[in-house]
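> Below is the file entry-v3.cif, which contains mmCIF, C-alpha atoms.
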```cif
data_data
loop_
_atom_site.label_atom_id
_atom_site.label_comp_id
_atom_site.auth_asym_id
_atom_site.auth_seq_id
_atom_site.Cartn_x
_atom_site.Cartn_y
_atom_site.Cartn_z
CA MET A 27 -70.99 68.31 -97.07
CA LYS A 28 -69.01 66.60 -99.79
CA GLN A 29 -70.24 69.05 -102.43
CA TRP A 30 -69.19 72.05 -100.32
CA LYS A 31 -65.72 70.49 -100.02
CA ILE A 32 -65.58 70.33 -103.82
CA ALA A 33 -66.49 74.02 -103.95
CA ALA A 34 -63.85 74.89 -101.38
CA ILE A 35 -61.18 72.96 -103.27
CA ALA A 36 -62.17 74.67 -106.52
CA ALA A 37 -62.03 78.08 -104.86
CA ALA A 38 -58.66 77.32 -103.29
CA THR A 39 -57.31 76.18 -106.64
CA VAL A 40 -58.40 79.40 -108.31
CA LEU A 41 -56.93 81.55 -105.55
CA ALA A 42 -53.68 79.58 -105.63
CA THR A 43 -53.46 79.99 -109.40
CA LEU A 44 -53.84 83.74 -109.07
CA GLY A 45 -51.07 83.84 -106.49
CA SER A 46 -51.02 84.90 -102.88
CA THR A 47 -51.15 88.68 -103.10
CA GLY A 48 -52.06 89.20 -99.45
CA ALA A 49 -54.72 91.32 -97.84
CA MET A 50 -52.63 94.49 -98.22
CA ALA A 51 -52.91 94.62 -102.02
CA ALA A 52 -55.76 96.51 -103.72
CA GLU A 53 -58.11 93.75 -104.88
CA GLN A 54 -61.69 93.79 -106.11
CA TYR A 55 -63.50 90.73 -104.82
CA MET A 56 -65.25 88.77 -107.58
CA PRO A 57 -67.25 85.74 -106.38
CA VAL A 58 -68.22 83.32 -109.14
CA LEU A 59 -71.39 81.27 -108.72
CA SER A 60 -70.66 78.24 -110.90
CA TYR A 61 -72.10 74.83 -111.52
CA ARG A 62 -69.40 72.31 -112.31
CA THR A 63 -71.44 69.46 -110.82
CA GLY A 64 -75.00 68.21 -111.28
CA PRO A 65 -77.08 67.47 -114.38
CA TYR A 66 -76.17 70.73 -116.13
CA ALA A 67 -72.42 70.49 -115.55
CA PRO A 68 -71.57 69.93 -119.27
CA ASN A 69 -72.88 73.45 -119.88
CA GLY A 70 -71.74 74.96 -116.60
CA VAL A 71 -68.09 73.95 -116.85
CA PRO A 72 -67.21 75.88 -120.04
CA ILE A 73 -69.19 78.90 -118.81
CA ALA A 74 -67.26 78.95 -115.53
CA ASP A 75 -63.96 78.43 -117.34
CA GLY A 76 -64.69 81.42 -119.57
CA ILE A 77 -65.69 83.58 -116.61
CA VAL A 78 -62.55 82.80 -114.63
CA ASP A 79 -60.20 82.87 -117.64
CA TYR A 80 -61.23 86.40 -118.56
CA MET A 81 -60.76 87.62 -114.99
CA LYS A 82 -57.31 86.01 -114.94
CA LEU A 83 -56.57 87.68 -118.27
CA VAL A 84 -57.54 91.07 -116.82
CA ASN A 85 -55.07 90.43 -113.99
CA GLU A 86 -52.38 89.52 -116.53
CA ARG A 87 -53.09 92.83 -118.26
CA GLY A 88 -52.44 94.63 -115.00
CA GLY A 89 -55.91 94.63 -113.50
CA ILE A 90 -58.47 97.44 -113.75
CA ASN A 91 -56.22 100.49 -113.61
CA GLY A 92 -53.97 98.47 -111.33
CA VAL A 93 -56.71 96.89 -109.19
CA LYS A 94 -56.43 93.11 -109.40
CA LEU A 95 -59.43 90.78 -109.22
CA LEU A 96 -59.74 88.32 -106.33
CA ILE A 97 -61.65 85.37 -107.75
CA GLU A 98 -63.51 82.78 -105.68
CA GLU A 99 -65.85 80.12 -107.02
CA CYS A 100 -68.85 78.78 -105.13
CA GLU A 101 -70.51 75.61 -106.42
CA THR A 102 -74.29 75.78 -106.91
CA ALA A 103 -74.98 72.64 -108.98
CA TYR A 104 -77.54 74.87 -110.78
CA ASP A 105 -79.75 74.59 -107.72
CA THR A 106 -81.69 77.67 -106.59
CA ALA A 107 -81.34 77.01 -102.86
CA ARG A 108 -77.61 76.43 -103.15
CA SER A 109 -77.26 79.54 -105.32
CA VAL A 110 -78.86 81.59 -102.55
CA GLU A 111 -76.52 79.95 -100.02
CA CYS A 112 -73.51 80.88 -102.19
CA TYR A 113 -74.78 84.44 -102.45
CA GLU A 114 -75.14 84.70 -98.67
CA ARG A 115 -71.74 83.12 -98.05
CA THR A 116 -69.83 85.39 -100.42
CA LYS A 117 -71.65 88.74 -100.29
CA ALA A 118 -69.69 90.17 -97.34
CA LYS A 119 -66.32 88.45 -97.82
CA ASN A 120 -63.09 90.23 -98.75
CA GLY A 121 -64.52 93.71 -98.53
CA GLY A 122 -67.86 92.71 -100.03
CA ALA A 123 -69.18 91.55 -103.38
CA VAL A 124 -70.21 94.32 -105.77
CA ALA A 125 -71.73 92.20 -108.54
CA ILE A 126 -73.13 88.67 -108.53
CA GLN A 127 -73.94 86.60 -111.61
CA PRO A 128 -76.48 83.97 -110.48
CA TRP A 129 -76.24 81.92 -113.72
CA SER A 130 -79.79 80.65 -113.21
CA THR A 131 -83.14 82.30 -113.88
CA GLY A 132 -84.58 80.63 -110.78
CA ALA A 133 -81.75 82.01 -108.65
CA THR A 134 -82.22 85.44 -110.22
CA PHE A 135 -85.88 85.46 -109.14
CA ALA A 136 -84.84 84.39 -105.63
CA LEU A 137 -82.15 87.09 -105.31
CA THR A 138 -83.93 90.04 -106.90
CA GLU A 139 -85.40 91.22 -103.57
CA LYS A 140 -82.09 90.69 -101.72
CA ALA A 141 -79.84 92.66 -104.05
CA PRO A 142 -81.21 96.16 -103.27
CA ILE A 143 -80.81 95.56 -99.53
CA ASP A 144 -77.23 94.33 -99.92
CA LYS A 145 -76.38 96.87 -102.65
CA ILE A 146 -75.09 94.17 -105.01
CA SER A 147 -75.81 94.27 -108.73
CA LEU A 148 -77.26 91.13 -110.31
CA VAL A 149 -75.71 90.79 -113.76
CA THR A 150 -77.68 88.29 -115.84
CA LEU A 151 -76.23 88.28 -119.33
CA GLY A 152 -78.89 86.70 -121.53
CA TYR A 153 -81.01 85.19 -118.75
CA GLY A 154 -83.08 86.07 -115.69
CA ARG A 155 -86.18 88.24 -115.55
CA SER A 156 -86.91 89.75 -118.96
CA GLU A 157 -88.74 92.74 -117.44
CA SER A 158 -85.68 93.60 -115.34
CA ALA A 159 -84.39 95.47 -118.40
CA ASP A 160 -86.47 98.34 -116.98
CA GLY A 161 -83.93 100.03 -114.72
CA SER A 162 -86.48 102.47 -113.36
CA VAL A 163 -88.03 99.56 -111.44
CA PHE A 164 -85.17 97.06 -111.22
CA LYS A 165 -82.39 99.34 -110.00
CA TRP A 166 -79.98 96.50 -109.20
CA ASN A 167 -80.71 94.05 -112.07
CA PHE A 168 -78.75 94.11 -115.33
CA PRO A 169 -79.85 91.62 -118.04
CA LEU A 170 -77.10 92.91 -120.29
CA ALA A 171 -76.80 92.23 -124.04
CA GLY A 172 -80.29 90.74 -124.51
CA ASN A 173 -83.19 89.10 -122.69
CA TYR A 174 -85.33 86.09 -123.55
CA TRP A 175 -87.94 88.20 -125.31
CA VAL A 176 -85.27 89.48 -127.69
CA GLY A 177 -84.18 85.89 -128.35
CA ALA A 178 -87.69 84.61 -129.01
CA ASP A 179 -88.52 87.57 -131.26
CA VAL A 180 -85.37 87.11 -133.34
CA ILE A 181 -86.19 83.40 -133.79
CA ILE A 182 -89.68 84.27 -135.04
CA GLN A 183 -88.24 86.93 -137.34
CA ALA A 184 -85.83 84.32 -138.75
CA ILE A 185 -88.69 81.89 -139.38
CA GLY A 186 -90.69 84.67 -141.02
CA LYS A 187 -87.77 85.57 -143.26
CA ARG A 188 -87.41 81.93 -144.24
CA GLU A 189 -91.08 81.81 -145.21
CA GLY A 190 -90.73 84.92 -147.37
CA GLY A 191 -92.12 87.50 -144.96
CA MET A 192 -93.71 87.79 -141.54
CA ASP A 193 -97.17 87.86 -143.10
CA LYS A 194 -96.55 84.34 -144.40
CA LEU A 195 -96.66 83.00 -140.83
CA LYS A 196 -100.44 83.39 -140.74
CA GLY A 197 -102.04 79.96 -140.41
CA LYS A 198 -98.75 78.24 -139.55
CA LYS A 199 -98.35 76.01 -136.50
CA ILE A 200 -95.33 76.44 -134.23
CA ALA A 201 -94.51 74.14 -131.31
CA LEU A 202 -92.81 75.69 -128.27
CA ILE A 203 -91.02 72.97 -126.32
CA TYR A 204 -89.79 74.54 -123.08
CA HIS A 205 -87.95 73.56 -119.93
CA ASP A 206 -90.65 73.58 -117.23
CA SER A 207 -88.87 76.14 -115.03
CA PRO A 208 -88.72 79.92 -114.67
CA TYR A 209 -86.17 79.91 -117.51
CA GLY A 210 -88.37 77.98 -119.92
CA LYS A 211 -91.51 79.93 -119.07
CA GLU A 212 -89.77 83.25 -119.91
CA SER A 213 -90.19 82.41 -123.61
CA ILE A 214 -93.98 82.13 -123.47
CA PRO A 215 -95.08 85.81 -123.38
CA MET A 216 -93.22 86.77 -126.56
CA VAL A 217 -94.28 83.69 -128.54
CA ARG A 218 -97.91 84.28 -127.54
CA GLU A 219 -97.66 87.98 -128.42
CA ARG A 220 -96.22 87.28 -131.86
CA ALA A 221 -98.79 84.52 -132.48
CA LYS A 222 -101.59 86.97 -131.70
CA MET A 223 -100.09 89.60 -134.01
CA LEU A 224 -99.19 87.33 -136.91
CA GLY A 225 -101.94 84.71 -136.79
CA PHE A 226 -100.00 81.51 -136.22
CA SER A 227 -101.00 78.90 -133.64
CA VAL A 228 -98.78 77.71 -130.80
CA MET A 229 -98.44 74.28 -129.21
CA GLU A 230 -96.99 74.81 -125.73
CA LEU A 231 -95.19 71.67 -124.57
CA PRO A 232 -93.45 71.76 -121.16
CA VAL A 233 -90.66 69.27 -120.42
CA ALA A 234 -89.91 68.35 -116.80
CA HIS A 235 -86.40 68.81 -115.35
CA PRO A 236 -83.86 67.63 -116.34
CA GLY A 237 -85.42 66.76 -119.71
CA VAL A 238 -84.48 63.15 -120.42
CA GLU A 239 -88.09 62.01 -120.74
CA GLN A 240 -89.64 63.47 -123.89
CA LYS A 241 -91.39 60.49 -125.51
CA ALA A 242 -94.89 61.93 -125.02
CA THR A 243 -93.77 65.34 -126.30
CA TRP A 244 -92.42 63.95 -129.55
CA LEU A 245 -95.37 61.65 -130.06
CA GLN A 246 -97.46 64.82 -130.03
CA ILE A 247 -95.04 66.47 -132.48
CA ARG A 248 -95.32 63.47 -134.79
CA LYS A 249 -99.11 63.60 -134.58
CA GLU A 250 -99.55 67.37 -135.06
CA ARG A 251 -96.59 67.96 -137.44
CA PRO A 252 -96.01 71.65 -136.62
CA ASP A 253 -94.34 73.75 -139.29
CA TYR A 254 -91.54 74.71 -136.90
CA VAL A 255 -90.31 73.84 -133.44
CA ILE A 256 -88.91 76.45 -131.05
CA MET A 257 -86.93 74.71 -128.33
CA TRP A 258 -86.35 76.55 -125.05
CA GLY A 259 -84.22 73.82 -123.55
CA PHE A 260 -81.16 73.46 -121.39
CA GLY A 261 -78.63 70.75 -120.66
CA VAL A 262 -79.52 67.15 -121.47
CA MET A 263 -82.98 68.28 -122.62
CA ASN A 264 -81.42 69.65 -125.82
CA SER A 265 -79.47 66.57 -126.91
CA THR A 266 -82.45 64.39 -125.98
CA ALA A 267 -84.77 66.50 -128.13
CA LEU A 268 -82.45 66.25 -131.14
CA LYS A 269 -82.31 62.47 -130.80
CA GLU A 270 -86.09 62.28 -130.46
CA ALA A 271 -86.49 64.52 -133.52
CA GLN A 272 -84.31 62.15 -135.49
CA ALA A 273 -86.28 59.12 -134.29
CA THR A 274 -89.56 60.86 -135.09
CA GLY A 275 -88.37 62.03 -138.47
CA TYR A 276 -88.85 65.70 -137.69
CA PRO A 277 -86.48 67.83 -139.80
CA ARG A 278 -83.77 69.40 -137.69
CA ASP A 279 -83.56 72.42 -139.98
CA LYS A 280 -87.11 73.31 -138.89
CA MET A 281 -85.96 73.51 -135.28
CA TYR A 282 -84.77 76.74 -133.61
CA GLY A 283 -83.30 76.71 -130.13
CA SER A 284 -82.77 79.43 -127.55
CA TRP A 285 -79.18 80.57 -126.92
CA TRP A 286 -79.07 78.05 -124.08
CA ALA A 287 -79.88 75.32 -126.58
CA GLY A 288 -77.20 76.29 -129.07
CA ALA A 289 -73.80 75.21 -127.79
CA GLU A 290 -71.40 72.35 -128.42
CA PRO A 291 -72.63 70.16 -125.50
CA ASP A 292 -76.12 70.27 -127.03
CA THR A 293 -75.12 68.94 -130.44
CA ARG A 294 -71.76 67.22 -130.14
CA ASP A 295 -73.17 63.77 -129.35
CA ALA A 296 -75.76 63.98 -132.12
CA GLY A 297 -73.15 65.08 -134.65
CA GLU A 298 -74.44 64.68 -138.21
CA ALA A 299 -77.91 63.81 -136.91
CA ALA A 300 -78.26 67.40 -135.68
CA LYS A 301 -77.05 68.94 -138.95
CA GLY A 302 -79.20 71.90 -139.95
CA TYR A 303 -80.44 72.61 -136.42
CA ASN A 304 -80.59 76.33 -135.69
CA ALA A 305 -80.33 78.43 -132.54
CA VAL A 306 -80.39 82.10 -131.74
CA ALA A 307 -76.97 83.35 -130.64
CA LEU A 308 -76.62 85.79 -127.75
CA GLN A 309 -74.34 88.08 -129.75
CA ASN A 310 -71.58 85.47 -129.80
CA SER A 311 -71.33 82.01 -131.27
CA ALA A 312 -68.15 79.93 -131.30
CA ASP A 313 -65.15 81.98 -132.47
CA LYS A 314 -61.68 80.51 -132.24
CA ASN A 315 -60.23 83.50 -134.08
CA ALA A 316 -61.48 86.22 -131.72
CA ALA A 317 -58.64 88.37 -130.44
CA VAL A 318 -59.59 87.67 -126.81
CA VAL A 319 -59.32 83.93 -127.51
CA LYS A 320 -55.85 84.24 -129.00
CA GLU A 321 -54.71 86.49 -126.14
CA THR A 322 -56.06 84.02 -123.56
CA LEU A 323 -54.25 81.12 -125.20
CA GLY A 324 -51.01 83.08 -125.29
CA LYS A 325 -51.05 84.68 -121.85
CA LEU A 326 -52.76 81.92 -119.86
CA TYR A 327 -52.73 78.50 -121.51
CA ALA A 328 -49.24 78.74 -122.99
CA GLN A 329 -48.04 79.57 -119.46
CA GLY A 330 -49.97 76.79 -117.75
CA LYS A 331 -52.42 79.25 -116.14
CA GLY A 332 -55.62 78.34 -118.01
CA THR A 333 -58.74 77.22 -116.17
CA ALA A 334 -60.19 74.72 -118.65
CA SER A 335 -58.90 71.15 -118.76
CA THR A 336 -58.11 71.58 -122.45
CA LYS A 337 -57.29 74.65 -124.51
CA ASP A 338 -59.65 73.34 -127.22
CA GLU A 339 -62.55 74.65 -125.12
CA VAL A 340 -61.32 78.24 -125.42
CA GLY A 341 -63.45 80.05 -128.01
CA SER A 342 -66.36 77.61 -127.78
CA VAL A 343 -69.89 79.03 -127.52
CA LEU A 344 -70.20 78.81 -123.75
CA TRP A 345 -66.59 79.64 -122.91
CA LEU A 346 -66.94 82.83 -124.96
CA ARG A 347 -70.26 83.66 -123.29
CA GLY A 348 -68.67 83.26 -119.88
CA ALA A 349 -65.79 85.51 -120.93
CA MET A 350 -68.25 88.05 -122.32
CA SER A 351 -70.16 88.09 -119.04
CA SER A 352 -66.98 88.77 -117.07
CA MET A 353 -66.04 91.47 -119.54
CA VAL A 354 -69.23 93.51 -119.05
CA VAL A 355 -68.77 93.41 -115.26
CA VAL A 356 -65.13 94.44 -115.58
CA GLU A 357 -66.13 97.30 -117.88
CA GLY A 358 -68.79 98.35 -115.37
CA ILE A 359 -66.12 98.54 -112.66
CA ARG A 360 -63.81 100.43 -115.02
CA ARG A 361 -66.62 102.90 -115.78
CA ALA A 362 -67.22 103.35 -112.04
CA GLN A 363 -63.53 104.09 -111.52
CA GLU A 364 -63.71 106.84 -114.14
CA ARG A 365 -66.16 108.68 -111.89
CA PHE A 366 -65.18 107.63 -108.39
CA GLY A 367 -61.42 107.15 -108.60
CA LYS A 368 -59.10 105.29 -110.96
CA GLY A 369 -57.04 102.60 -109.29
CA LYS A 370 -59.44 102.32 -106.36
CA VAL A 371 -61.54 99.37 -105.20
CA MET A 372 -65.18 100.19 -105.93
CA ASN A 373 -68.15 99.57 -103.62
CA GLY A 374 -71.56 98.21 -104.59
CA GLU A 375 -73.27 101.53 -105.23
CA GLN A 376 -70.38 102.75 -107.36
CA VAL A 377 -70.34 99.61 -109.50
CA ARG A 378 -74.11 99.81 -109.92
CA TRP A 379 -73.63 103.31 -111.31
CA GLY A 380 -70.91 102.01 -113.64
CA LEU A 381 -73.14 99.24 -114.99
CA GLU A 382 -75.97 101.71 -115.49
CA ASN A 383 -73.72 104.06 -117.44
CA LEU A 384 -71.92 101.56 -119.66
CA ASN A 385 -70.92 102.74 -123.10
CA LEU A 386 -69.18 99.88 -124.89
CA THR A 387 -68.28 101.46 -128.22
CA ALA A 388 -67.02 99.55 -131.24
CA GLU A 389 -63.57 100.98 -130.56
CA ARG A 390 -63.53 99.80 -126.95
CA ILE A 391 -64.88 96.38 -127.92
CA LYS A 392 -62.04 95.96 -130.42
CA GLU A 393 -59.48 97.18 -127.90
CA ILE A 394 -60.38 94.45 -125.38
CA GLY A 395 -60.55 91.68 -127.99
CA PHE A 396 -64.29 91.22 -128.56
CA GLU A 397 -64.62 92.56 -132.11
CA ASN A 398 -67.24 90.55 -134.07
CA VAL A 399 -68.28 88.87 -130.81
CA ILE A 400 -70.51 91.56 -129.34
CA ARG A 401 -72.15 94.70 -130.71
CA PRO A 402 -71.86 98.12 -129.07
CA LEU A 403 -73.81 98.26 -125.83
CA ALA A 404 -75.01 101.27 -123.85
CA THR A 405 -77.13 101.40 -120.70
CA ASN A 406 -78.97 104.12 -118.80
CA CYS A 407 -81.47 104.50 -115.97
CA GLN A 408 -84.39 103.29 -118.07
CA ASP A 409 -82.53 100.60 -120.03
CA HIS A 410 -80.45 98.05 -118.12
CA MET A 411 -80.12 95.71 -121.12
CA GLY A 412 -78.30 97.98 -123.57
CA SER A 413 -78.78 95.96 -126.76
CA TYR A 414 -81.60 94.27 -128.68
CA TRP A 415 -79.47 92.41 -131.21
CA ALA A 416 -78.82 88.72 -131.88
CA ARG A 417 -77.94 86.35 -134.72
CA ILE A 418 -78.87 82.88 -135.89
CA GLU A 419 -76.30 80.09 -135.84
CA THR A 420 -76.57 76.67 -137.48
CA TRP A 421 -74.93 73.34 -136.63
CA ASP A 422 -73.13 71.99 -139.72
CA GLY A 423 -72.64 68.51 -138.29
CA LYS A 424 -69.32 69.33 -136.65
CA GLU A 425 -69.47 72.91 -135.37
CA TRP A 426 -71.64 75.99 -134.99
CA LYS A 427 -71.53 78.61 -137.75
CA ILE A 428 -73.22 82.02 -137.82
CA SER A 429 -75.90 81.77 -140.52
CA SER A 430 -77.62 85.17 -140.45
CA ASP A 431 -76.86 88.84 -140.34
CA TRP A 432 -77.38 90.73 -137.10
CA MET A 433 -81.08 90.94 -136.34
CA GLN A 434 -82.71 93.43 -133.98
CA GLY A 435 -85.52 92.43 -131.66
CA ASP A 436 -88.55 94.60 -132.38
CA GLU A 437 -88.38 97.33 -129.75
CA GLN A 438 -91.94 98.47 -130.54
CA ILE A 439 -93.12 95.10 -129.22
CA ILE A 440 -90.49 94.32 -126.59
CA LYS A 441 -90.31 97.67 -124.79
CA PRO A 442 -94.05 97.87 -124.03
CA MET A 443 -93.93 94.27 -122.77
CA ILE A 444 -91.01 95.14 -120.49
CA LYS A 445 -92.77 98.28 -119.22
CA ALA A 446 -96.04 96.47 -118.54
CA ALA A 447 -94.41 93.55 -116.69
CA ALA A 448 -92.14 95.89 -114.71
CA ALA A 449 -95.08 98.10 -113.73
CA LYS A 450 -96.93 95.03 -112.47
CA TYR A 451 -93.90 94.01 -110.43
CA ALA A 452 -93.53 97.55 -109.04
CA GLN A 453 -97.16 97.52 -107.94
CA GLU A 454 -96.82 94.12 -106.27
CA GLN A 455 -93.61 95.11 -104.46
CA LYS A 456 -94.74 98.68 -103.73
CA ILE A 457 -91.79 100.15 -105.63
CA THR A 458 -91.89 103.76 -106.83
CA PRO A 459 -90.21 103.88 -110.27
CA ARG A 460 -87.06 105.99 -110.37
CA THR A 461 -87.13 109.45 -111.92
CA GLY A 462 -85.08 112.65 -111.86
CA THR A 463 -82.37 112.75 -109.25
CA ASP A 464 -82.60 109.03 -108.50
CA CYS A 465 -81.75 108.34 -112.13
CA ASP A 466 -78.72 110.61 -111.83
CA SER A 467 -77.42 108.92 -108.69
#
```
Output the structure of this file as structure tokens.

Amino acid sequence: MKQWKIAAIAAATVLATLGSTGAMAAEQYMPVLSYRTGPYAPNGVPIADGIVDYMKLVNERGGINGVKLLIEECETAYDTARSVECYERTKAKNGGAVAIQPWSTGATFALTEKAPIDKISLVTLGYGRSESADGSVFKWNFPLAGNYWVGADVIIQAIGKREGGMDKLKGKKIALIYHDSPYGKESIPMVRERAKMLGFSVMELPVAHPGVEQKATWLQIRKERPDYVIMWGFGVMNSTALKEAQATGYPRDKMYGSWWAGAEPDTRDAGEAAKGYNAVALQNSADKNAAVVKETLGKLYAQGKGTASTKDEVGSVLWLRGAMSSMVVVEGIRRAQERFGKGKVMNGEQVRWGLENLNLTAERIKEIGFENVIRPLATNCQDHMGSYWARIETWDGKEWKISSDWMQGDEQIIKPMIKAAAAKYAQEQKITPRTGTDCDS
């Protein structure tokens, strides 16, 4: 009961900050499933702050063609059951939710069958079910900007480039240390596929939630001495792994994390001890100079309207990812308005159409302040992801710095994997893949 009170207070605070506009005003309801409490709170807080800050910024800009956003947080503590409860509590409020961001791969799995019934899009920017990129099967899922198979492939490409070519990976040994959860297990298919193609061996090492106990894992690393470590971690698992790597003497520059293992909370405590550690970046890394960051500081924080406890968080890796996730939903609503009526509140089916017909051009990205943060992104009936690009970032001891050019996940490998996994899901769920008129609807 106490935790729900926290959620209610947080929601009331957000609504009070936005101002009491009354039920008469045209408002698009935007529930935010956040986790500001629990073992993953150090990661969840900046994400939630970025999500809410960008929605507030949209309101400061005048809304979406005049339609303001009504923001309400619901605390999940990164727990699947509580995430489902939040979904059920918010889905029909204030005219109905049109898009939900579960912010958990486990919650995404749990909600995937509910979304089509409720006509609510699940937007999972850089997480969730990798095969849900296939919009012909997953009509209501949108893993926008990149899935885990893109991330894993880009990491392996980066390691190959470092070795002097992908062919040089033959005979190498790579350890995959992964969070023993649906999130962590999403990395396995791509690493196995690349190992089979390129001839390297894989040590698969699961780490139990929340990840503070890794002694046995690193004893095995010390014994086997893999050439590289890929770390699919989250929360305290990441900082613990870096400390164990230091204690074991494993070089941090031979470690590559997922984009959920490459943010300031993961490396800040380790500081210099984590220097050289790499991670794949989901389009963005930290960027204090991004136009959207400067606009947020000027229009929100300088006016005492910011969400984060300190303005120093604005532009950090996870704050920017949260803002980016809000941005793609807002642009989906804007796209829906272009077809169904500018200045009108959109319903679930209309927003789903908007998300499926996104066309974020370089010009539009610059206009809304995300230049150099995200690449152009376009979706359609078959492709609900819209982009296969990522970058590598490296911790310099004090902050994250982009350390590679843009790299494209190999579509000749990833697309067949998506199709095969989606076809299996369709068969299990007795779903007829969309074609023709359904794709135009």
> Residue by residue, what does the PyMOL selection byres ((chain A and resi 154) around 12) grab here? Present the result as a count of residues only.
39
> Determine the residue set returned by the PyMOL selection byres ((chain A and resi 237) around 12) for the present structure, and present it as number ranges by chain.
A: 65-66, 203-207, 210, 231-236, 238-243, 257-268, 270
> Can you tell me, as a ChimeraX atom specification, what residues are no more than 12 Å from A:Lys187 when counting all atoms listed in the file, ignoring any on the same chain fewer than 6 positions away?
/A:180-181,193-195,418,430-431,433
> For the selection just defined, write its residues with C-alpha atoms to a file, as a PDB file, in the frame of the given file.

```pdb
ATOM      1  CA  VAL A 180     -85.370  87.110-133.340  1.00  0.00           C
ATOM      2  CA  ILE A 181     -86.190  83.400-133.790  1.00  0.00           C
ATOM      3  CA  ASP A 193     -97.170  87.860-143.100  1.00  0.00           C
ATOM      4  CA  LYS A 194     -96.550  84.340-144.400  1.00  0.00           C
ATOM      5  CA  LEU A 195     -96.660  83.000-140.830  1.00  0.00           C
ATOM      6  CA  ILE A 418     -78.870  82.880-135.890  1.00  0.00           C
ATOM      7  CA  SER A 430     -77.620  85.170-140.450  1.00  0.00           C
ATOM      8  CA  ASP A 431     -76.860  88.840-140.340  1.00  0.00           C
ATOM      9  CA  MET A 433     -81.080  90.940-136.340  1.00  0.00           C
TER      10      MET A 433
END
```
> Anything within 9 Å of (-69.8, 87.7, -119.9): list those residues as a list of chain:residue names, counting all atoms listed in the file and sticking to the file's coordinates.
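These residues have at least one counted atom within 9 Å: A:Ile73, A:Gly76, A:Ile77, A:Tyr80, A:Thr150, A:Leu151, A:Leu170, A:Leu346, A:Arg347, A:Gly348, A:Ala349, A:Met350, A:Ser351, A:Ser352, A:Met353, A:Val354, A:Val355.
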> What's the separation between atom CA of A:Ala171 and atom CA of A:Glu339, in Å to one decimal place?
22.7 Å
> I'd like the contact shell of A:Val176 - 9 Å cut-off, only C-alpha atoms, skipping same-chain residues fewer than 5 positions apart - returned as a PyMOL selection string.
chain A and resi 156+181+216+414-416+434-437+440
> Pick from A:Gly191, A:Pro72, A:Gly412, A:Gly88: nearest to A:Pro291, with all atoms listed in the file counted?
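Between A:Gly191, A:Pro72, A:Gly412, A:Gly88, the residue approaching A:Pro291 most closely is A:Pro72.
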> Restricting the calculation to only C-alpha atoms, which member of A:Arg87, A:Leu95, A:Val318, A:Thr420 is positioned closest to A:Lys392?
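Of all the options, A:Val318 lies closest to A:Lys392.
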> Env of A:Trp421: 7 Å cut, atoms = all atoms listed in the file, seq-sep filter 2 positions within chain, self excluded. Answer as number ranges by chain.
A: 300-304, 419, 423-427
> Evaluate the PyMOL selection byres ((chain A and resi 312-315) around 8) here and jot the selected residues down as a list of chain:residue names.
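When the PyMOL selection byres ((chain A and resi 312-315) around 8) is applied to the shown file, the picked residues are A:Asn310, A:Ser311, A:Ala316, A:Ala317, A:Val319, A:Lys320, A:Val340, A:Gly341, A:Ser342, A:Val343, A:Leu344, A:Leu346, A:Val399, A:Trp426, A:Lys427.
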> What's the separation between atom CA of A:Asn406 and atom CA of A:Cys465, in Å to one decimal place?
8.4 Å
> If I take atom CA of A:Lys165 and atom CA of A:Gln376, how far is one from the other in Å, to one decimal?
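Interatomic distance, atom CA of A:Lys165 to atom CA of A:Gln376: 12.8 Å.
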> Select, counting all atoms listed in the file, all protein, DNA and RNA residues no farther than 12 Å from (-96.1, 70.9, -136.7) in file coordinates, and express the selection as a ChimeraX atom specification.
/A:197-203,226-230,244-256,271,275-277,280-281
> Select, from A:Ala447, A:Gly89, A:Asp75, A:Ser60, the residue with the minimum atom-to-atom distance to A:Lys368, counting all atoms listed in the file.
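Of all the options, A:Gly89 lies closest to A:Lys368.
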> Which of these, A:Glu86, A:Glu101, A:Glu364, A:Asp79, has the shortest distance to A:Ala67 once you count all atoms listed in the file?
A:Glu101
